Every structure is written in structure tokens, then in C-alpha cells.
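File shown: entry-v8.cif (mmCIF, N, CA and C atoms).
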```
data_work
#
loop_
_atom_site.label_atom_id
_atom_site.label_comp_id
_atom_site.auth_asym_id
_atom_site.auth_seq_id
_atom_site.Cartn_x
_atom_site.Cartn_y
_atom_site.Cartn_z
N MET C 1 0.23 -1.17 16.50
CA MET C 1 -1.09 -0.58 16.56
C MET C 1 -1.88 -1.30 17.64
N ASP C 2 -2.56 -0.54 18.45
CA ASP C 2 -3.37 -1.09 19.52
C ASP C 2 -4.64 -1.71 18.95
N PRO C 3 -5.18 -2.73 19.63
CA PRO C 3 -6.44 -3.33 19.14
C PRO C 3 -7.59 -2.32 19.13
N GLN C 4 -7.59 -1.37 20.05
CA GLN C 4 -8.66 -0.38 20.07
C GLN C 4 -8.59 0.53 18.85
N GLU C 5 -7.38 0.83 18.38
CA GLU C 5 -7.21 1.68 17.21
C GLU C 5 -7.56 0.93 15.93
N SER C 6 -7.50 -0.39 15.94
CA SER C 6 -7.76 -1.15 14.71
C SER C 6 -9.20 -0.99 14.26
N HIS C 7 -10.15 -0.83 15.19
CA HIS C 7 -11.54 -0.64 14.80
C HIS C 7 -11.69 0.66 14.01
N THR C 8 -11.04 1.70 14.44
CA THR C 8 -11.09 2.97 13.73
C THR C 8 -10.46 2.85 12.36
N TRP C 9 -9.33 2.14 12.28
CA TRP C 9 -8.66 1.99 10.99
C TRP C 9 -9.48 1.15 10.03
N ILE C 10 -10.14 0.12 10.52
CA ILE C 10 -10.98 -0.71 9.65
C ILE C 10 -12.10 0.13 9.07
N LEU C 11 -12.75 0.93 9.90
CA LEU C 11 -13.82 1.80 9.42
C LEU C 11 -13.29 2.82 8.41
N PHE C 12 -12.14 3.41 8.70
CA PHE C 12 -11.55 4.39 7.79
C PHE C 12 -11.24 3.77 6.44
N TYR C 13 -10.64 2.58 6.42
CA TYR C 13 -10.28 1.96 5.16
C TYR C 13 -11.51 1.46 4.40
N LEU C 14 -12.57 1.06 5.09
CA LEU C 14 -13.80 0.69 4.39
C LEU C 14 -14.41 1.90 3.70
N ILE C 15 -14.44 3.04 4.39
CA ILE C 15 -14.96 4.26 3.78
C ILE C 15 -14.08 4.67 2.59
N SER C 16 -12.77 4.56 2.75
CA SER C 16 -11.86 4.90 1.65
C SER C 16 -12.09 4.00 0.45
N PHE C 17 -12.31 2.73 0.70
CA PHE C 17 -12.54 1.78 -0.39
C PHE C 17 -13.83 2.11 -1.14
N VAL C 18 -14.88 2.46 -0.41
CA VAL C 18 -16.14 2.83 -1.05
C VAL C 18 -15.97 4.09 -1.89
N VAL C 19 -15.25 5.08 -1.35
CA VAL C 19 -15.02 6.31 -2.11
C VAL C 19 -14.22 6.02 -3.38
N LEU C 20 -13.22 5.16 -3.27
CA LEU C 20 -12.45 4.80 -4.46
C LEU C 20 -13.30 4.06 -5.50
N LEU C 21 -14.18 3.18 -5.04
CA LEU C 21 -15.06 2.48 -5.97
C LEU C 21 -16.00 3.45 -6.70
N VAL C 22 -16.56 4.39 -5.96
CA VAL C 22 -17.45 5.39 -6.57
C VAL C 22 -16.68 6.24 -7.57
N SER C 23 -15.49 6.65 -7.19
CA SER C 23 -14.71 7.50 -8.10
C SER C 23 -14.29 6.74 -9.36
N VAL C 24 -13.94 5.46 -9.23
CA VAL C 24 -13.59 4.67 -10.41
C VAL C 24 -14.82 4.48 -11.29
N PHE C 25 -15.98 4.28 -10.68
CA PHE C 25 -17.21 4.16 -11.47
C PHE C 25 -17.50 5.44 -12.23
N LEU C 26 -17.36 6.59 -11.56
CA LEU C 26 -17.60 7.86 -12.22
C LEU C 26 -16.61 8.11 -13.35
N THR C 27 -15.35 7.73 -13.12
CA THR C 27 -14.34 7.99 -14.14
C THR C 27 -14.50 7.03 -15.32
N SER C 28 -14.90 5.80 -15.07
CA SER C 28 -15.04 4.85 -16.17
C SER C 28 -16.22 5.20 -17.07
N LYS C 29 -17.27 5.79 -16.53
CA LYS C 29 -18.42 6.20 -17.32
C LYS C 29 -18.16 7.49 -18.09
N GLY C 30 -17.09 8.20 -17.73
CA GLY C 30 -16.77 9.44 -18.41
C GLY C 30 -17.52 10.63 -17.87
N VAL C 31 -18.38 10.39 -16.90
CA VAL C 31 -19.15 11.47 -16.28
C VAL C 31 -18.40 11.94 -15.05
N LEU C 32 -18.27 13.23 -14.90
CA LEU C 32 -17.61 13.81 -13.72
C LEU C 32 -16.20 13.24 -13.54
N MET C 33 -15.47 13.21 -14.62
CA MET C 33 -14.12 12.64 -14.58
C MET C 33 -13.21 13.42 -13.64
N GLY C 34 -13.32 14.74 -13.64
CA GLY C 34 -12.48 15.57 -12.76
C GLY C 34 -12.78 15.32 -11.30
N ILE C 35 -14.05 15.17 -10.95
CA ILE C 35 -14.42 14.91 -9.55
C ILE C 35 -13.94 13.54 -9.12
N GLY C 36 -14.07 12.54 -9.99
CA GLY C 36 -13.61 11.19 -9.67
C GLY C 36 -12.12 11.14 -9.43
N LEU C 37 -11.36 11.78 -10.29
CA LEU C 37 -9.91 11.79 -10.11
C LEU C 37 -9.51 12.59 -8.87
N THR C 38 -10.23 13.67 -8.60
CA THR C 38 -9.95 14.45 -7.39
C THR C 38 -10.21 13.62 -6.13
N MET C 39 -11.30 12.84 -6.15
CA MET C 39 -11.59 11.99 -5.00
C MET C 39 -10.50 10.94 -4.80
N VAL C 40 -9.99 10.38 -5.89
CA VAL C 40 -8.90 9.40 -5.79
C VAL C 40 -7.67 10.04 -5.16
N ILE C 41 -7.31 11.23 -5.65
CA ILE C 41 -6.12 11.91 -5.12
C ILE C 41 -6.29 12.25 -3.65
N VAL C 42 -7.48 12.71 -3.26
CA VAL C 42 -7.74 13.08 -1.85
C VAL C 42 -7.66 11.85 -0.96
N VAL C 43 -8.27 10.74 -1.37
CA VAL C 43 -8.25 9.52 -0.55
C VAL C 43 -6.84 8.99 -0.40
N ILE C 44 -6.09 8.96 -1.49
CA ILE C 44 -4.70 8.46 -1.41
C ILE C 44 -3.86 9.38 -0.54
N GLY C 45 -4.05 10.70 -0.67
CA GLY C 45 -3.31 11.65 0.15
C GLY C 45 -3.62 11.51 1.63
N LEU C 46 -4.93 11.36 1.96
CA LEU C 46 -5.31 11.18 3.37
C LEU C 46 -4.74 9.88 3.94
N ASN C 47 -4.82 8.81 3.17
CA ASN C 47 -4.25 7.54 3.63
C ASN C 47 -2.75 7.68 3.89
N LEU C 48 -2.05 8.34 2.99
CA LEU C 48 -0.62 8.53 3.16
C LEU C 48 -0.31 9.36 4.41
N MET C 49 -1.08 10.42 4.62
CA MET C 49 -0.86 11.25 5.81
C MET C 49 -1.09 10.46 7.10
N PHE C 50 -2.17 9.69 7.14
CA PHE C 50 -2.48 8.93 8.35
C PHE C 50 -1.45 7.84 8.61
N VAL C 51 -1.00 7.18 7.57
CA VAL C 51 0.00 6.11 7.75
C VAL C 51 1.32 6.71 8.22
N LEU C 52 1.73 7.83 7.63
CA LEU C 52 2.96 8.47 8.08
C LEU C 52 2.84 8.96 9.53
N GLY C 53 1.67 9.45 9.90
CA GLY C 53 1.45 9.85 11.30
C GLY C 53 1.57 8.67 12.25
N GLN C 54 1.03 7.52 11.85
CA GLN C 54 1.15 6.32 12.68
C GLN C 54 2.60 5.86 12.79
N VAL C 55 3.35 5.96 11.72
CA VAL C 55 4.76 5.57 11.76
C VAL C 55 5.53 6.49 12.70
N LYS C 56 5.27 7.80 12.63
CA LYS C 56 5.94 8.74 13.52
C LYS C 56 5.58 8.48 14.97
N ASP C 57 4.29 8.21 15.24
CA ASP C 57 3.87 7.93 16.62
C ASP C 57 4.52 6.66 17.14
N SER C 58 4.61 5.64 16.30
CA SER C 58 5.21 4.39 16.77
C SER C 58 6.70 4.55 17.02
N THR C 59 7.39 5.37 16.20
CA THR C 59 8.82 5.59 16.46
C THR C 59 9.02 6.40 17.74
N LYS C 60 8.13 7.35 18.01
CA LYS C 60 8.21 8.11 19.26
C LYS C 60 8.00 7.19 20.46
N LYS C 61 6.99 6.32 20.37
CA LYS C 61 6.72 5.39 21.47
C LYS C 61 7.91 4.45 21.69
N LYS C 62 8.51 3.99 20.58
CA LYS C 62 9.65 3.10 20.69
C LYS C 62 10.83 3.81 21.35
N ALA C 63 11.07 5.06 20.98
CA ALA C 63 12.17 5.82 21.58
C ALA C 63 11.93 6.06 23.06
N ILE C 64 10.70 6.35 23.43
CA ILE C 64 10.37 6.56 24.84
C ILE C 64 10.57 5.27 25.63
N MET C 65 10.12 4.14 25.07
CA MET C 65 10.28 2.86 25.75
C MET C 65 11.76 2.50 25.91
N GLU C 66 12.57 2.78 24.90
CA GLU C 66 14.00 2.51 25.03
C GLU C 66 14.64 3.40 26.08
N ARG C 67 14.24 4.66 26.13
CA ARG C 67 14.79 5.58 27.13
C ARG C 67 14.38 5.16 28.54
N ILE C 68 13.15 4.73 28.70
CA ILE C 68 12.69 4.28 30.01
C ILE C 68 13.42 3.02 30.44
N SER C 69 13.66 2.12 29.51
CA SER C 69 14.32 0.86 29.87
C SER C 69 15.79 1.05 30.21
N ARG C 70 16.39 2.17 29.82
CA ARG C 70 17.80 2.41 30.12
C ARG C 70 18.03 3.14 31.44
N ILE C 71 17.00 3.47 32.16
CA ILE C 71 17.16 4.19 33.42
C ILE C 71 17.88 3.28 34.41
N GLU C 72 18.97 3.79 34.94
CA GLU C 72 19.74 3.02 35.90
C GLU C 72 19.25 3.32 37.31
N GLU C 73 19.36 2.33 38.16
CA GLU C 73 18.95 2.53 39.54
C GLU C 73 19.99 3.37 40.26
N VAL C 74 19.50 4.33 41.01
CA VAL C 74 20.37 5.19 41.80
C VAL C 74 20.31 4.68 43.23
N GLU C 75 21.48 4.51 43.83
CA GLU C 75 21.50 4.01 45.20
C GLU C 75 20.95 5.09 46.13
N PRO C 76 20.10 4.70 47.05
CA PRO C 76 19.53 5.70 47.97
C PRO C 76 20.60 6.22 48.93
N GLU C 77 20.43 7.46 49.27
CA GLU C 77 21.37 8.05 50.23
C GLU C 77 21.08 7.50 51.63
N PRO C 78 22.09 7.51 52.48
CA PRO C 78 21.86 7.00 53.84
C PRO C 78 20.83 7.88 54.57
N LEU C 79 20.13 7.25 55.48
CA LEU C 79 19.06 7.95 56.19
C LEU C 79 19.54 8.58 57.48
N ASP C 80 20.81 8.93 57.60
CA ASP C 80 21.32 9.50 58.83
C ASP C 80 20.66 10.82 59.19
N GLU C 81 20.34 11.60 58.20
CA GLU C 81 19.76 12.90 58.49
C GLU C 81 18.33 12.79 59.01
N PHE C 82 17.68 11.65 58.77
CA PHE C 82 16.32 11.45 59.26
C PHE C 82 16.29 10.65 60.56
N ALA C 83 17.43 10.16 60.96
CA ALA C 83 17.48 9.33 62.17
C ALA C 83 17.29 10.19 63.41
N ILE C 84 16.88 9.56 64.47
CA ILE C 84 16.71 10.27 65.75
C ILE C 84 18.09 10.64 66.28
N PRO C 85 18.28 11.90 66.63
CA PRO C 85 19.63 12.32 67.10
C PRO C 85 19.99 11.61 68.42
N LYS C 86 21.26 11.26 68.51
CA LYS C 86 21.76 10.61 69.73
C LYS C 86 22.16 11.69 70.71
N ARG C 87 21.97 11.45 72.03
CA ARG C 87 22.34 12.42 73.05
C ARG C 87 23.56 11.99 73.77
#
```
Render the structure in this file as C-alpha cells.
Amino acid sequence: MDPQESHTWILFYLISFVVLLVSVFLTSKGVLMGIGLTMVIVVIGLNLMFVLGQVKDSTKKKAIMERISRIEEVEPEPLDEFAIPKR
């Protein structure tokens, strides 16, 4: 994960944590139990989707980097065709 992306992830997880705290509070009081449980399921589902997306992106980047590192050098062709013709 890039350092620039970590700021976004920190903000996302802080918001997720607050939503989970609110939903646990609502469920523990017995008020709006369905909404609290729905919020928990949505937050866990979103976190799972984002983490899986990051894993897929990192595996794609790793595969690209491996493919780039395996490129073999091709010997250049002789420059006879570009040389000044002899008379």
C-alpha cells in the first residue's frame, strides 16, 4: 500500500469504527435493532470488498512488475541500411 493511500484508509476505517460503535450502542439498548444490525453487516461487507480489491490490485501490480523484470535485451540490428552508401 502506498503512503498516499494510507491516509484514505485511515479515514475510512475511522468512519467504519464510529458506525460500528453507533450500531452496537443502538443494538445494546434494544432500540432500532434491525437498523443497527444492518449497519454492522454493511460496514463489514464494504470493508471486505475494499480489502479484496486491494489484494487484487496488489497481485496485478506484482505480476506486471515480474513481467517487466523478465524482459530480455534484444541486440540491435546493424546500422548498415542507415549508413552513407559507398561509391
Query raised in the report: For this file, the PyMOL selection byres ((chain C and resi 11-27) around 8) selects which residues, as a list in words?
Result: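 Applied to this file, the PyMOL selection byres ((chain C and resi 11-27) around 8) returns Glu5, Ser6, His7, Thr8, Trp9, Ile10, Ser28, Lys29, Gly30, Val31, Leu32, Met33, Gly34, Ile35, Gly36, Leu37, Thr38, Met39, Val40, Val43 and Ile44 of chain C.
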Query raised in the report: Between atom N of Leu52 in chain C and atom N of Ile64 in chain C, what is the spacing in Å?
Result: 18.2 Å
Requested in this report: Grab the atom N of Leu46 in chain C to CA of Ser58 in chain C distance for me, in Å with one decimal place.
Outcome: 19.3 Å
